[in-house]
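Working notes, beginning with the structure itself.
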Amino acid sequence: MAKIIFGDISIISKPEVIVFMLLLIIRTAILYLAVVLAMKAMGKRQVGQLQPFELVVVITISAMAAIAMEDVGVPLVNSIIPIITVMVLQVILSLINLKSEKARGIICGKPSIVVENGKIVEEELRRLRINVNDLLEQMRSKNYFNIADVEYAIFETNGQLSVIPKSQKRAVQPEDLQIETKYEGLPTTLIIDGKVNYNNLKKINLDENWLKTELSKFGINDIREVFFASLDTLGNLFFQTKKAPSRR
Amino acid sequence: MKLYGTLIFLVVLIVAFGIFTSNFLTETTKDITSNFDNVYTAINNENWKLAQQQIAHSEKLWNKHKKWWTVFIDHQEIDNIDMSFVRIGEYIKYHNKALSSGELVVLKQSFEHIPEKEVVNLKNIL
């Protein structure tokens, strides 16, 4: 930091201001990486699907990182150690959750049935402190506009509402009409942005030569011209060429 | 199994780091403040030359350990100790007995309360 000299008006010189900003950038980058790693260790969950105890972890970690980011007087370890600790605790709690159903009930809670056999369960709504308007709003977001169409509605432990419509009101399935359907598996991605995915090709027992031959049938002689290509389980090859030649 | 191993490793790492930090701060505090009694006696006997030498020695030790202290300790505390060293240096230079001894006690307290803050006890937890 700059030395304060008596009689000198400019206390901090320009290069030192830049160094201070650089310090903030470096600290922010380190903490950002720490938070990203911690979040990655937590597993794959969308924010809206977080359990209450997972949401607490997200809030705690972000608050801890923010303090050390904005205050250069706080040592980085004062933030990094609590972040690691919270992450470890979260993973331990997840493992306990995984192993014990009893613990799961305590930590995550249990799903609540709010509509049972077409009737709103008033006691359950009262217990959850959710009013009928909130329930109707959540149902509308699930495309159920009439409560009379609903057989069951369940508030999941992550706060999402699952709705089972009455059998007469649900979408028609091929099985209802006794229509035979073909197997539909996952399409295999073969080319992304001009680059062949050899692992996927190997998985379906095909090689680059086959891909080149198939593409040449459509007048494509260079794989780098293809932006995206995939092969579905029925053997149909889908591809799209790049629009901008400069990006080849 | 890999996950359990990683968790145990992280817990051990955090605990070991905590123990290391606590020991490091206690040891370096002892090292820096070891001749504070000599400084105090020298100030009381108005042996300003000896007091200056002794405090310069402590400041040298502090500057040696300071870069590691910044890793563990709030930088405000480090600034306070720096300021205290500057002040006591000036008080000794101008042979001010009352202010020198007062500042020395403050400096000693500043050093001793830092490792105390890191100790695991009910007071610090609450």
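Here, A, B, ... name the chains of the structure tokens in the order displayed, residue numbers run from 1 inside each chain, and ligands are numbered from 1 in the same displayed order.
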Exercise. Find the residues in chain B near chain A: any atom within 10 Å counts, using only C-alpha atoms. Write them as a ChimeraX atom specification.
Key: /B:3-4,6-8,10-11,13-14,17-18,69-79
Self-check item: Nearby residues (only C-alpha atoms) at most 12 Å from Ser110 of chain B, same-chain spacing under 2 positions excluded, as a count of residues only
Solution: 25
Quiz prompt | Test item: residues at most 12 Å from Glu54 of chain A, only C-alpha atoms, excluding those fewer than 3 positions along its chain, as a PyMOL selection string | solution = chain A and resi 38-39+41-51+57-61+86-87+89-94+97+107-108+157-158
Exercise. Tell me which protein, DNA and RNA residues are within 10 Å of segment 224-232 of chain A, counting only C-alpha atoms, leaving out same-chain ones fewer than 6 positions away, and put them as a PyMOL selection string.
Key: chain A and resi 184-197+200-201+204+211+215+238-245+247-248
Self-check item: Nearby residues (only C-alpha atoms) at most 7 Å from Gln54 of chain B, same-chain spacing under 3 positions excluded, as a ChimeraX atom specification
Solution: /B:35,39,50-51,57-58
Dump as a tab-separated table (two decimals), in the first residue's frame, selection limited to N, CA and C atoms:
```tsv
chain	number	residue	atom	x	y	z
B	35	ASN	N	11.59	-10.46	23.94
B	35	ASN	CA	12.46	-9.45	24.58
B	35	ASN	C	11.69	-8.19	24.99
B	39	VAL	N	12.86	-4.66	26.91
B	39	VAL	CA	12.54	-3.31	26.42
B	39	VAL	C	11.90	-2.50	27.56
B	50	LEU	N	19.47	0.98	24.50
B	50	LEU	CA	19.16	-0.46	24.59
B	50	LEU	C	17.71	-0.71	24.16
B	51	ALA	N	16.81	0.18	24.63
B	51	ALA	CA	15.39	0.03	24.28
B	51	ALA	C	15.20	0.10	22.76
B	57	HIS	N	15.01	-5.01	17.10
B	57	HIS	CA	15.15	-6.47	16.93
B	57	HIS	C	13.75	-7.13	16.80
B	58	SER	N	12.85	-6.69	17.70
B	58	SER	CA	11.47	-7.23	17.66
B	58	SER	C	10.79	-6.89	16.34
```
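Nearest to Ser34 of chain B of all the residues B:Lys64, B:Val120, B:Glu59, B:Tyr91 is B:Glu59, based on only C-alpha atoms.
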Quiz prompt | All residues 10 Å or closer to segment 94-100 of chain B, only C-alpha atoms, same chain fewer than 5 positions away omitted, as a VMD selection string | solution = chain B and resid 39 to 40 42 to 49 51 87 to 89 105 to 106
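The interatomic distance for the pair atom CA of Val86 of chain B and atom CA of Gln53 of chain B works out to 14.0 Å.
Put simply, atom CA of Ile113 of chain A is 12.1 Å away from atom CA of Arg126 of chain A.
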Self-check item: Coordinates-based distance that separates atom CA of Gly109 of chain A from atom CA of Leu136 of chain A (Å, one decimal)
Solution: 22.6 Å
